[in-house]
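my_file-v9.cif, holding mmCIF, C-alpha atoms:
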data_start
#
loop_
_atom_site.label_atom_id
_atom_site.label_comp_id
_atom_site.auth_asym_id
_atom_site.auth_seq_id
_atom_site.Cartn_x
_atom_site.Cartn_y
_atom_site.Cartn_z
CA MET A 138 -20.80 19.08 34.63
CA ASP A 139 -17.77 18.04 36.58
CA ARG A 140 -14.50 17.82 34.78
CA SER A 141 -14.45 14.11 34.16
CA SER A 142 -18.02 13.82 32.90
CA ARG A 143 -17.46 16.87 30.76
CA ARG A 144 -14.42 15.20 29.30
CA ARG A 145 -16.48 12.11 28.58
CA PHE A 146 -19.23 14.18 26.97
CA LEU A 147 -16.76 16.05 24.84
CA SER A 148 -14.97 12.92 23.99
CA LEU A 149 -18.20 11.39 22.73
CA THR A 150 -19.11 14.56 20.92
CA CYS A 151 -15.77 14.54 19.21
CA LYS A 152 -16.15 10.94 18.27
CA TRP A 153 -19.70 11.19 17.07
CA GLY A 154 -20.00 14.87 16.33
CA PHE A 155 -19.98 14.52 12.56
CA TRP A 156 -22.84 12.16 12.35
CA SER A 157 -24.89 11.44 15.34
CA PHE A 158 -25.21 14.59 17.37
CA GLY A 159 -24.59 17.26 14.84
CA VAL A 160 -24.69 19.70 17.71
CA VAL A 161 -21.31 21.22 17.33
CA PRO A 162 -20.61 22.44 13.85
CA ALA A 163 -17.84 24.59 15.22
CA LEU A 164 -16.25 21.52 16.69
CA SER A 165 -16.58 19.71 13.40
CA ALA A 166 -14.90 22.60 11.71
CA LEU A 167 -12.13 22.34 14.24
CA MET A 168 -11.76 18.65 13.59
CA ALA A 169 -11.69 19.21 9.85
CA GLY A 170 -8.80 21.53 10.45
CA CYS A 171 -7.18 19.04 12.75
CA LYS A 172 -3.68 19.80 11.56
CA THR A 173 -3.82 22.90 13.66
CA MET A 174 -4.99 21.08 16.76
CA ASP A 175 -1.61 20.23 18.16
CA SER A 176 -0.41 23.79 18.01
CA LEU A 177 -3.74 25.01 19.30
CA SER A 178 -3.59 22.83 22.36
CA LYS A 179 -0.16 24.12 23.17
CA SER A 180 -1.02 27.77 23.04
CA VAL A 181 -4.64 28.00 24.23
CA PRO A 182 -5.81 26.10 27.29
CA SER A 183 -9.49 26.38 26.47
CA ILE A 184 -11.77 27.83 23.85
CA GLN A 185 -15.37 29.02 23.79
CA ILE A 186 -17.85 27.23 21.61
CA GLY A 187 -21.50 28.15 21.91
CA GLY A 188 -20.86 29.69 25.30
CA VAL A 189 -19.24 26.51 26.59
CA SER A 190 -15.63 26.46 27.58
CA ILE A 191 -13.88 23.53 26.04
CA ASP A 192 -10.58 22.12 27.16
CA THR A 193 -8.54 22.08 23.96
CA LYS A 194 -6.33 19.35 25.28
CA THR A 195 -9.32 17.00 25.26
CA ILE A 196 -10.08 17.87 21.68
CA ALA A 197 -6.46 17.45 20.72
CA ASP A 198 -6.38 14.04 22.37
CA ASN A 199 -9.43 12.90 20.50
CA THR A 200 -8.35 14.30 17.19
CA LYS A 201 -5.25 12.18 17.38
CA LEU A 202 -7.57 9.47 16.18
CA VAL A 203 -8.21 11.55 13.12
CA ALA A 204 -5.85 11.01 10.25
CA HIS A 205 -3.41 13.77 9.67
CA SER A 206 -2.46 12.30 6.34
CA PHE A 207 -2.58 9.16 4.21
CA GLU A 208 0.33 7.88 6.27
CA ASP A 209 -2.07 7.21 9.13
CA ILE A 210 -3.82 4.54 7.10
CA THR A 211 -2.64 1.22 8.53
CA PRO A 212 -1.24 -1.49 6.23
CA GLU A 213 -4.33 -3.53 7.12
CA GLN A 214 -6.67 -0.79 5.87
CA GLU A 215 -4.44 -0.22 2.85
CA TYR A 216 -4.93 -3.90 2.04
CA TYR A 217 -8.73 -3.61 2.03
CA ILE A 218 -8.57 -0.42 -0.04
CA GLY A 219 -6.28 -2.18 -2.51
CA ARG A 220 -8.53 -5.22 -2.89
CA THR A 221 -11.49 -3.07 -3.83
CA VAL A 222 -9.44 -0.82 -6.13
CA GLY A 223 -8.31 -4.04 -7.84
CA ALA A 224 -11.89 -5.28 -8.18
CA VAL A 225 -12.96 -1.93 -9.69
CA ILE A 226 -10.09 -2.06 -12.22
CA LEU A 227 -11.23 -5.58 -13.10
CA GLN A 228 -14.68 -4.23 -13.87
CA LYS A 229 -13.14 -2.30 -16.73
CA TYR A 230 -10.82 -5.05 -18.00
CA GLN A 231 -10.91 -8.79 -18.49
CA PRO A 232 -8.02 -10.69 -16.94
CA TYR A 233 -5.71 -12.41 -19.39
CA ASN A 234 -6.33 -15.93 -18.25
CA ASN A 235 -3.03 -17.54 -19.15
CA GLN A 236 -1.42 -19.34 -16.26
CA LYS A 237 2.05 -19.55 -17.74
CA SER A 238 2.26 -15.82 -18.45
CA ASN A 239 0.78 -14.82 -15.11
CA THR A 240 3.07 -17.16 -13.16
CA TYR A 241 6.10 -15.73 -14.97
CA ILE A 242 5.02 -12.20 -14.10
CA ASN A 243 4.34 -13.14 -10.47
CA VAL A 244 7.68 -14.83 -9.86
CA MET A 245 9.54 -11.93 -11.48
CA GLY A 246 7.40 -9.34 -9.71
CA GLN A 247 7.77 -10.83 -6.26
CA MET A 248 11.51 -11.16 -6.78
CA LEU A 249 11.63 -7.46 -7.74
CA ALA A 250 9.47 -6.50 -4.75
CA GLN A 251 12.00 -8.20 -2.49
CA ALA A 252 14.63 -5.86 -3.94
CA SER A 253 12.47 -2.80 -3.19
CA GLU A 254 12.44 -0.67 -0.09
CA ARG A 255 9.07 -2.08 0.86
CA PRO A 256 9.15 -5.80 0.23
CA GLU A 257 6.50 -6.63 2.82
CA THR A 258 2.96 -5.30 2.59
CA PHE A 259 0.00 -6.57 4.61
CA GLY A 260 -1.12 -9.08 1.99
CA GLY A 261 1.94 -9.15 -0.28
CA TYR A 262 2.49 -8.30 -3.95
CA ARG A 263 0.49 -9.98 -6.71
CA PHE A 264 0.50 -9.42 -10.46
CA LEU A 265 -2.09 -9.97 -13.17
CA ILE A 266 -2.08 -9.41 -16.92
CA LEU A 267 -5.13 -7.62 -18.36
CA ASP A 268 -6.53 -8.71 -21.70
CA SER A 269 -6.30 -5.29 -23.31
CA ASP A 270 -4.45 -3.66 -26.19
CA GLU A 271 -4.20 -0.43 -24.24
CA ILE A 272 -0.73 0.53 -23.09
CA ASN A 273 -1.46 0.52 -19.41
CA ALA A 274 -0.45 -0.63 -15.93
CA TYR A 275 -1.96 -0.01 -12.51
CA ALA A 276 -0.79 -0.46 -8.95
CA ALA A 277 -3.49 -0.76 -6.30
CA PRO A 278 -2.46 0.16 -2.75
CA GLY A 279 -0.82 -2.69 -0.89
CA GLY A 280 0.62 -4.42 -3.94
CA LEU A 281 -2.02 -5.70 -6.38
CA ILE A 282 -0.44 -4.81 -9.73
CA PHE A 283 -2.06 -5.01 -13.17
CA LEU A 284 -0.45 -4.71 -16.57
CA SER A 285 -2.03 -4.84 -19.99
CA ARG A 286 -1.00 -7.04 -22.89
CA GLY A 287 -0.45 -3.74 -24.70
CA ILE A 288 2.29 -2.61 -22.34
CA LEU A 289 3.93 -6.06 -22.43
CA ARG A 290 4.14 -5.67 -26.20
CA CYS A 291 6.37 -2.64 -25.55
CA CYS A 292 8.86 -5.04 -23.97
CA PRO A 293 11.30 -6.86 -26.27
CA ASN A 294 13.09 -8.56 -23.38
CA GLU A 295 12.77 -9.54 -19.72
CA ASP A 296 14.70 -6.53 -18.45
CA ALA A 297 12.08 -4.27 -20.05
CA VAL A 298 9.20 -6.23 -18.44
CA ALA A 299 11.03 -5.98 -15.13
CA ALA A 300 11.16 -2.20 -15.63
CA VAL A 301 7.36 -2.01 -15.99
CA LEU A 302 6.85 -4.10 -12.85
CA ALA A 303 9.49 -2.19 -10.90
CA HIS A 304 7.86 1.15 -11.79
CA GLU A 305 4.54 -0.10 -10.41
CA ILE A 306 6.26 -1.48 -7.29
CA GLY A 307 7.68 2.04 -6.92
CA HIS A 308 4.12 3.40 -6.74
CA VAL A 309 3.22 0.84 -4.03
CA GLN A 310 6.41 1.60 -2.10
CA HIS A 311 5.64 5.34 -2.15
CA GLN A 312 1.94 4.71 -1.38
CA ASP A 313 0.95 6.93 -4.28
CA GLY A 314 -2.54 5.39 -4.46
CA LEU A 315 -3.28 6.40 -0.89
CA ARG A 316 -2.02 9.93 -1.60
CA ALA A 317 -4.86 10.26 -4.12
CA ILE A 318 -7.46 9.99 -1.34
CA LYS A 319 -8.86 13.38 -0.47
CA GLN A 320 -8.01 14.71 2.97
CA SER A 321 -11.67 15.16 3.87
CA ARG A 322 -12.28 11.40 3.50
CA LEU A 323 -9.43 10.64 5.88
CA THR A 324 -10.72 13.05 8.44
CA THR A 325 -14.15 11.46 8.36
CA ALA A 326 -13.03 7.86 8.02
CA LEU A 327 -10.50 7.90 10.74
CA THR A 328 -12.83 9.68 13.08
CA SER A 329 -14.85 6.51 12.87
CA LEU A 330 -11.93 4.68 14.40
CA ALA A 331 -13.07 6.35 17.53
CA ILE A 332 -16.26 4.38 17.54
CA THR A 333 -15.51 2.84 20.83
CA GLY A 334 -15.03 -0.68 21.99
CA ALA A 335 -17.92 -2.16 20.05
CA LYS A 336 -16.58 -5.22 18.28
CA THR A 337 -18.84 -4.64 15.33
CA TYR A 338 -20.25 -1.41 13.95
CA THR A 339 -23.93 -0.59 14.07
CA ASN A 340 -25.62 -0.61 10.66
CA GLU A 341 -25.61 3.15 10.58
CA ASP A 342 -21.92 3.46 11.42
CA LEU A 343 -21.09 0.82 8.87
CA SER A 344 -23.08 2.58 6.15
CA LYS A 345 -21.29 5.83 6.81
CA LEU A 346 -17.93 4.18 6.86
CA THR A 347 -18.71 2.30 3.65
CA ALA A 348 -19.74 5.57 2.01
CA VAL A 349 -16.35 7.08 2.86
CA PHE A 350 -14.69 3.90 1.67
CA GLU A 351 -16.49 4.15 -1.68
CA GLU A 352 -15.43 7.77 -2.05
CA SER A 353 -11.84 6.90 -1.24
CA ILE A 354 -11.85 4.07 -3.78
CA SER A 355 -13.26 6.43 -6.36
CA ASP A 356 -10.56 9.04 -5.62
CA ILE A 357 -7.93 6.40 -6.31
CA THR A 358 -9.46 4.75 -9.37
CA LYS A 359 -10.20 8.11 -10.98
CA THR A 360 -6.57 9.06 -10.51
CA LEU A 361 -5.30 5.72 -11.79
CA ILE A 362 -7.61 5.42 -14.77
CA VAL A 363 -8.52 8.97 -15.77
CA THR A 364 -6.28 11.74 -14.53
CA GLY A 365 -2.97 10.07 -13.68
CA TYR A 366 -0.54 10.97 -10.94
CA SER A 367 1.53 14.14 -11.00
CA ARG A 368 4.63 14.13 -13.16
CA SER A 369 6.85 14.20 -10.13
CA LEU A 370 5.27 11.04 -8.67
CA GLU A 371 5.82 9.31 -12.03
CA TYR A 372 9.45 10.38 -12.16
CA GLN A 373 9.92 9.19 -8.59
CA ALA A 374 8.46 5.81 -9.54
CA ASP A 375 10.93 5.65 -12.44
CA VAL A 376 13.81 6.43 -10.10
CA ALA A 377 12.60 3.71 -7.70
CA ALA A 378 12.37 1.33 -10.68
CA LEU A 379 15.99 1.97 -11.66
CA GLU A 380 17.13 1.18 -8.14
CA ILE A 381 15.02 -1.97 -7.90
CA LEU A 382 16.26 -3.21 -11.28
CA GLN A 383 19.85 -2.62 -10.33
CA ARG A 384 19.49 -4.38 -6.98
CA ALA A 385 17.67 -7.34 -8.51
CA GLY A 386 20.43 -7.80 -11.07
CA TYR A 387 18.64 -6.44 -14.14
CA ASN A 388 20.03 -3.78 -16.43
CA PRO A 389 18.32 -0.50 -15.47
CA LYS A 390 18.43 0.33 -19.17
CA GLY A 391 15.48 -2.05 -19.44
CA LEU A 392 13.40 1.03 -18.61
CA VAL A 393 14.96 2.94 -21.51
CA VAL A 394 14.27 0.04 -23.87
CA MET A 395 10.64 -0.09 -22.76
CA LEU A 396 10.09 3.67 -23.04
CA ASP A 397 11.71 3.74 -26.50
CA GLN A 398 9.27 1.06 -27.64
CA MET A 399 6.34 2.74 -25.96
CA LYS A 400 7.17 5.93 -27.81
CA THR A 401 6.60 4.21 -31.13
CA GLN A 402 3.38 2.53 -30.02
CA LEU A 403 1.55 5.18 -28.00
CA LYS A 404 -1.28 6.83 -29.87
CA PRO A 405 -2.05 10.38 -28.73
CA GLY A 406 -5.53 10.81 -27.33
CA ARG A 407 -6.01 7.22 -26.22
CA PRO A 408 -7.24 6.77 -22.65
CA ASP A 409 -4.09 4.96 -21.52
CA PHE A 410 -0.50 5.98 -20.73
CA ALA A 411 -0.87 8.58 -23.48
CA LYS A 412 -3.23 10.34 -21.11
CA THR A 413 -2.12 9.41 -17.59
CA HIS A 414 1.68 9.50 -17.84
CA PRO A 415 4.31 12.01 -18.89
CA LEU A 416 5.45 11.41 -22.47
CA PRO A 417 8.12 8.71 -22.85
CA ASP A 418 10.57 11.33 -24.14
CA ASN A 419 10.17 13.37 -20.98
CA ARG A 420 10.57 10.29 -18.81
CA LEU A 421 13.66 9.30 -20.80
CA ALA A 422 15.14 12.76 -20.34
CA GLU A 423 14.54 12.57 -16.57
CA ILE A 424 16.36 9.25 -16.16
CA GLN A 425 19.06 9.88 -18.76
CA LYS A 426 21.73 10.74 -16.21
CA GLN A 427 21.15 7.60 -14.15
CA THR A 428 20.97 5.23 -17.10
CA ALA A 429 23.73 6.59 -19.34
CA MET A 430 26.42 4.64 -17.50
CA TYR A 431 24.87 1.24 -18.24
CA PRO A 432 25.61 -0.82 -21.35
CA ASP A 433 22.82 -1.74 -23.74
CA VAL A 434 20.56 -4.55 -22.59
CA LYS A 435 21.83 -7.94 -23.66
CA SER A 436 19.85 -10.75 -22.12
CA PRO A 437 21.60 -14.07 -21.62
CA LYS A 438 20.12 -16.73 -23.93
CA ALA A 439 18.26 -18.58 -21.19
CA ARG A 440 16.61 -15.37 -19.96
CA GLN A 441 15.50 -14.40 -23.46
CA ALA A 442 14.26 -17.93 -24.12
CA ARG A 443 12.04 -18.03 -21.06
CA PHE A 444 10.74 -14.53 -21.81
CA ASN A 445 9.81 -15.59 -25.35
CA ASP A 446 8.20 -18.75 -24.06
CA ALA A 447 6.20 -17.19 -21.22
CA LEU A 448 4.85 -14.23 -23.18
CA LYS A 449 4.68 -15.61 -26.72
CA SER A 450 0.90 -15.47 -26.85
CA VAL A 451 0.73 -11.98 -25.33
CA MET B 725 19.31 -2.23 21.17
CA GLN B 726 16.18 -3.87 22.49
CA LYS B 727 12.88 -2.46 21.45
CA MET B 728 9.51 -4.05 21.04
CA MET B 729 7.89 -4.02 17.61
CA SER B 730 4.70 -5.49 16.15
CA ILE B 731 4.08 -7.63 13.08
CA GLN B 732 2.12 -5.34 10.76
CA VAL B 733 1.54 -7.85 7.95
CA LYS B 734 -0.78 -10.85 7.69
CA ASN B 735 2.05 -13.34 7.77
CA GLY B 736 5.28 -12.27 9.44
CA VAL B 737 8.09 -14.40 8.08
CA VAL B 738 11.19 -14.93 10.24
CA ARG B 739 14.35 -16.06 8.45
CA SER B 740 17.68 -17.59 9.45
CA ASN B 741 19.69 -14.81 7.74
CA PRO B 742 19.08 -11.12 7.02
CA SER B 743 18.00 -11.97 3.47
CA PHE B 744 14.94 -13.26 1.65
CA LEU B 745 17.10 -16.20 0.66
CA GLY B 746 17.44 -17.16 4.32
CA LYS B 747 15.60 -20.28 5.48
CA ILE B 748 12.20 -19.61 7.03
CA VAL B 749 12.41 -20.46 10.75
CA ALA B 750 9.04 -19.11 11.95
CA GLN B 751 5.87 -17.40 10.80
CA LEU B 752 4.22 -14.95 13.16
CA PRO B 753 0.66 -13.63 12.97
CA TYR B 754 -0.47 -10.00 12.60
CA GLY B 755 -0.15 -8.07 15.84
CA ASP B 756 2.40 -10.36 17.53
CA ARG B 757 5.12 -8.54 19.46
CA VAL B 758 8.80 -9.22 19.01
CA SER B 759 11.85 -7.73 20.64
CA VAL B 760 14.51 -6.41 18.31
CA GLN B 761 18.01 -7.60 19.28
CA ALA B 762 20.08 -6.19 16.44
CA ALA B 763 19.81 -4.57 13.04
CA GLN B 764 21.60 -5.08 9.77
CA GLY B 765 20.55 -2.76 6.98
CA ALA B 766 16.79 -3.04 6.74
CA TRP B 767 16.73 -6.34 8.62
CA TYR B 768 16.06 -6.84 12.31
CA LEU B 769 17.07 -9.80 14.44
CA VAL B 770 13.99 -10.51 16.48
CA LYS B 771 13.11 -12.58 19.51
CA ASN B 772 9.55 -13.71 20.02
CA PRO B 773 8.56 -13.71 23.70
CA LYS B 774 6.24 -16.63 22.96
CA GLY B 775 9.29 -18.75 22.31
CA SER B 776 9.40 -19.45 18.56
CA PRO B 777 12.95 -19.49 17.14
CA ASP B 778 14.82 -16.17 16.85
CA GLY B 779 15.52 -14.91 13.37
CA TRP B 780 15.58 -12.00 10.96
CA MET B 781 12.63 -9.99 9.72
CA HIS B 782 12.55 -7.25 7.11
CA SER B 783 11.73 -3.93 8.74
CA SER B 784 8.80 -3.29 6.38
CA ALA B 785 6.94 -6.13 8.14
CA LEU B 786 7.31 -4.41 11.52
CA SER B 787 5.78 -1.41 13.22
CA VAL B 788 6.95 0.43 16.30
CA LYS B 789 3.32 0.78 17.29
CA LYS B 790 1.51 -1.68 19.48
CA ILE B 791 -1.27 -3.28 17.43
CA VAL B 792 -4.34 -4.08 19.49
CA LEU B 793 -6.13 -6.97 17.82
CA LYS B 794 -9.50 -6.80 19.52
CA PRO B 795 -9.69 -3.28 20.82
CA GLY B 796 -12.06 -2.56 23.63
CA ALA B 797 -13.19 0.78 25.03
CA SER B 798 -10.07 1.26 27.14
CA ASP B 799 -7.79 0.63 24.15
CA VAL B 800 -9.67 3.22 22.14
CA GLU B 801 -9.24 5.69 24.95
CA GLN B 802 -5.54 4.88 25.16
CA ALA B 803 -5.13 5.12 21.40
CA ALA B 804 -6.69 8.56 21.53
CA SER B 805 -3.89 9.91 23.64
CA SER B 806 -1.01 7.95 22.19
CA ASP B 807 0.73 7.70 18.85
CA GLU B 808 2.10 4.36 19.94
CA ILE B 809 -1.03 2.29 19.53
CA THR B 810 -2.86 1.09 16.43
CA LEU B 811 -6.24 -0.56 16.57
CA ALA B 812 -6.52 -3.60 14.33
CA GLY B 813 -9.70 -4.25 12.44
CA LYS B 814 -10.99 -0.69 12.81
CA GLY B 815 -11.81 1.62 9.95
CA PHE B 816 -11.69 -0.01 6.51
CA ASN B 817 -11.90 -3.70 7.25
CA GLN B 818 -13.49 -6.95 6.16
CA GLU B 819 -16.86 -5.79 7.38
CA VAL B 820 -16.66 -2.62 5.25
CA GLU B 821 -15.62 -4.69 2.23
CA LYS B 822 -18.62 -6.95 2.80
CA ASP B 823 -20.94 -3.96 3.04
CA PHE B 824 -19.37 -2.46 -0.10
CA LYS B 825 -19.97 -5.76 -1.94
CA SER B 826 -23.62 -5.87 -0.94
CA LYS B 827 -24.10 -2.30 -2.15
CA ASN B 828 -22.06 -2.80 -5.35
CA PRO B 829 -22.90 -6.33 -6.47
CA GLN B 830 -21.61 -5.51 -9.97
CA VAL B 831 -18.05 -5.27 -8.60
CA ASP B 832 -16.69 -8.79 -8.82
CA PHE B 833 -13.92 -9.87 -6.43
CA THR B 834 -13.38 -13.30 -8.01
CA TRP B 835 -10.09 -12.40 -9.68
CA VAL B 836 -8.85 -10.36 -6.75
CA ASN B 837 -9.26 -13.51 -4.66
CA LYS B 838 -7.56 -15.56 -7.36
CA MET B 839 -4.67 -13.10 -7.32
CA GLU B 840 -4.29 -13.57 -3.58
CA ASN B 841 -3.77 -17.26 -4.23
CA MET B 842 -0.94 -16.62 -6.68
CA VAL B 843 1.60 -17.31 -3.97
CA VAL B 844 5.21 -17.66 -5.05
CA SER B 845 7.64 -19.71 -2.99
CA GLN B 846 11.16 -18.60 -2.22
CA ASN B 847 12.37 -21.72 -4.06
CA GLN B 848 10.62 -20.52 -7.22
CA ILE B 849 12.30 -17.14 -6.88
CA THR B 850 15.72 -18.70 -6.27
CA ALA B 851 15.31 -20.93 -9.33
CA PHE B 852 14.15 -17.92 -11.39
CA ILE B 853 17.25 -15.93 -10.42
CA LYS B 854 19.52 -18.82 -11.28
CA GLU B 855 17.87 -19.68 -14.59
CA GLY B 856 17.85 -16.05 -15.72
CA GLN B 857 21.52 -15.65 -14.71
CA LEU B 858 20.65 -12.70 -12.57
CA THR B 859 23.17 -11.45 -10.05
CA PRO B 860 21.26 -9.56 -7.36
CA LYS B 861 23.30 -6.79 -5.72
CA GLY B 862 21.81 -7.55 -2.34
CA GLU B 863 18.70 -6.28 -0.69
CA LYS B 864 18.25 -3.06 1.10
#
Take the structure in the file and write it out as structure tokens.
Amino acid sequence: MDRSSRRRFLSLTCKWGFWSFGVVPALSALMAGCKTMDSLSKSVPSIQIGGVSIDTKTIADNTKLVAHSFEDITPEQEYYIGRTVGAVILQKYQPYNNQKSNTYINVMGQMLAQASERPETFGGYRFLILDSDEINAYAAPGGLIFLSRGILRCCPNEDAVAAVLAHEIGHVQHQDGLRAIKQSRLTTALTSLAITGAKTYTNEDLSKLTAVFEESISDITKTLIVTGYSRSLEYQADVAALEILQRAGYNPKGLVVMLDQMKTQLKPGRPDFAKTHPLPDNRLAEIQKQTAMYPDVKSPKARQARFNDALKSV
Amino acid sequence: MQKMMSIQVKNGVVRSNPSFLGKIVAQLPYGDRVSVQAAQGAWYLVKNPKGSPDGWMHSSALSVKKIVLKPGASDVEQAASSDEITLAGKGFNQEVEKDFKSKNPQVDFTWVNKMENMVVSQNQITAFIKEGQLTPKGEK
């Protein structure tokens, strides 16, 4: 094989190796460990696989199409992941179909998102109340945010509601949902990006890609609903919330008010924030330094009145 | 400062001032290229080579990468050797969502679609800020 046709062959093998050819397990193993590829290509000009000398630069070039981390997921793909995560969450919960309450939450939420570090996502931020007594809230990648009636009942004023929304915006801003996707899915999924020029996938490609998509969705929803994020991601979302609240003109102590209420209402063992989040006391201790300087929350009359009106039936 | 950037959101909103309160002067589609003339905080003053009015965009709506909307074989090859190119519509896309739906008919997207329609105007937000006597400390 001359150099250029060998490159083409290898390039195809790299692109399709996982699925179609299956001829180069060693190559697949290399691709799975793609983080090492850049350094490999610098130090070793070629490697031997099955008696064939392979130009590592070619492999490195092709593996650039492979995701190194969740950060390689484009906002467009994040949007599609988020839509399906949202739909899966809505399998478990009924929406709270009250236009007044949902509009209130959306106007407030989008205002808060504008005060965040990531105001623009591919499809934008949207908010929906779930008809559930659980104390719960979820942020799907890209900005679809869900909060239960139960968590709204932990909020005696608008600043506290804003704190719940701002915490979830913090998760979107930090792309915590995408972080929950296992590395192996990314490696496989983003290899499929290499499926060349074809405007549409073949049925087989599509099935494989959809399978990885399903697994990725399940990684995220399991984390959101069952296991929860790590403590440090939760604390970081609280810190982001304080900053968003402050920038938007709310009292960051709204978060303290909400956590104090949540403390009295959480029931140990329930499959909600009691299970997926650090205890309110621990969260309060983490943010104590940043919130101590603020006065107690005192909503102006008009703000309290619209809060009461919009969420009275919640 | 003059670098080219791409709109990485569905609807790239261009405003008269570096603020969400600025008047909307143009809306640019996903993948469009703009040239950045100046920066102020997280806002970029952009010029659209296609001639729509100049204005400010929030940096989170922009990517330094070139976004190829309908990638062909040569784009894929180029993307393979460059960190500067993103292929639109590849990977998890509308087609994958459609396939997911056909394989998981029990997963209902009705309310996700309804959520997408819960669009809030900047006027609503401005009125909300005023009514609630909020004093934003400025955006980042």
Q) Counting all atoms listed in the file, which residues from chain B have an atom at most 7 Å from any atom of chain A, and could you show them as a ChimeraX atom specification? A) /B:732-734,784-785,795-797,800,804-805,814-817,820-821,823-824,831-833,836,839-840,842,844,848-849,855-856,858-864
Q: For Val788 (chain B), please output as JSON, numbers by chain all residues within 10 Å (counting all atoms listed in the file; exclusion window: fewer than 4 positions along the same chain).
A: {"B": [727, 728, 729, 730, 731, 732, 757, 783, 807, 808, 809, 810]}
Q) So which residues get picked by the PyMOL selection byres ((chain B and resi 791) around 7) here, written as a count of residues only? A) 10
Q | Point-to-point distance in Å for CA of Val309 (chain A) and CA of Leu289 (chain A) | A |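 Computed distance, CA of Leu289 (chain A) to CA of Val309 (chain A), equals 19.7 Å.
Note on the selection: in this file the PyMOL selection byres ((chain B and resi 779) around 8) comes out as B:Val738, B:Arg739, B:Ser740, B:Asn741, B:Val749, B:Ala750, B:Leu769, B:Val770, B:Lys771, B:Pro777, B:Asp778, B:Trp780, B:Met781.
One finds CA of Glu380 (chain A) at 13.3 Å from CA of Lys426 (chain A).
If you look at CA of Pro742 (chain B) and CA of Val298 (chain A), they are 27.7 Å away from each other.
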Q: Evaluate the PyMOL selection byres ((chain A and resi 421) around 10) on the structure here and hand back the selected residues as a count of residues only.
A: 19
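With all atoms listed in the file as the atoms that count, the residue of B:Ser845, B:Ser743, B:Asn735, B:Gln726 with the shortest distance to Ser759 (chain B) is B:Gln726.
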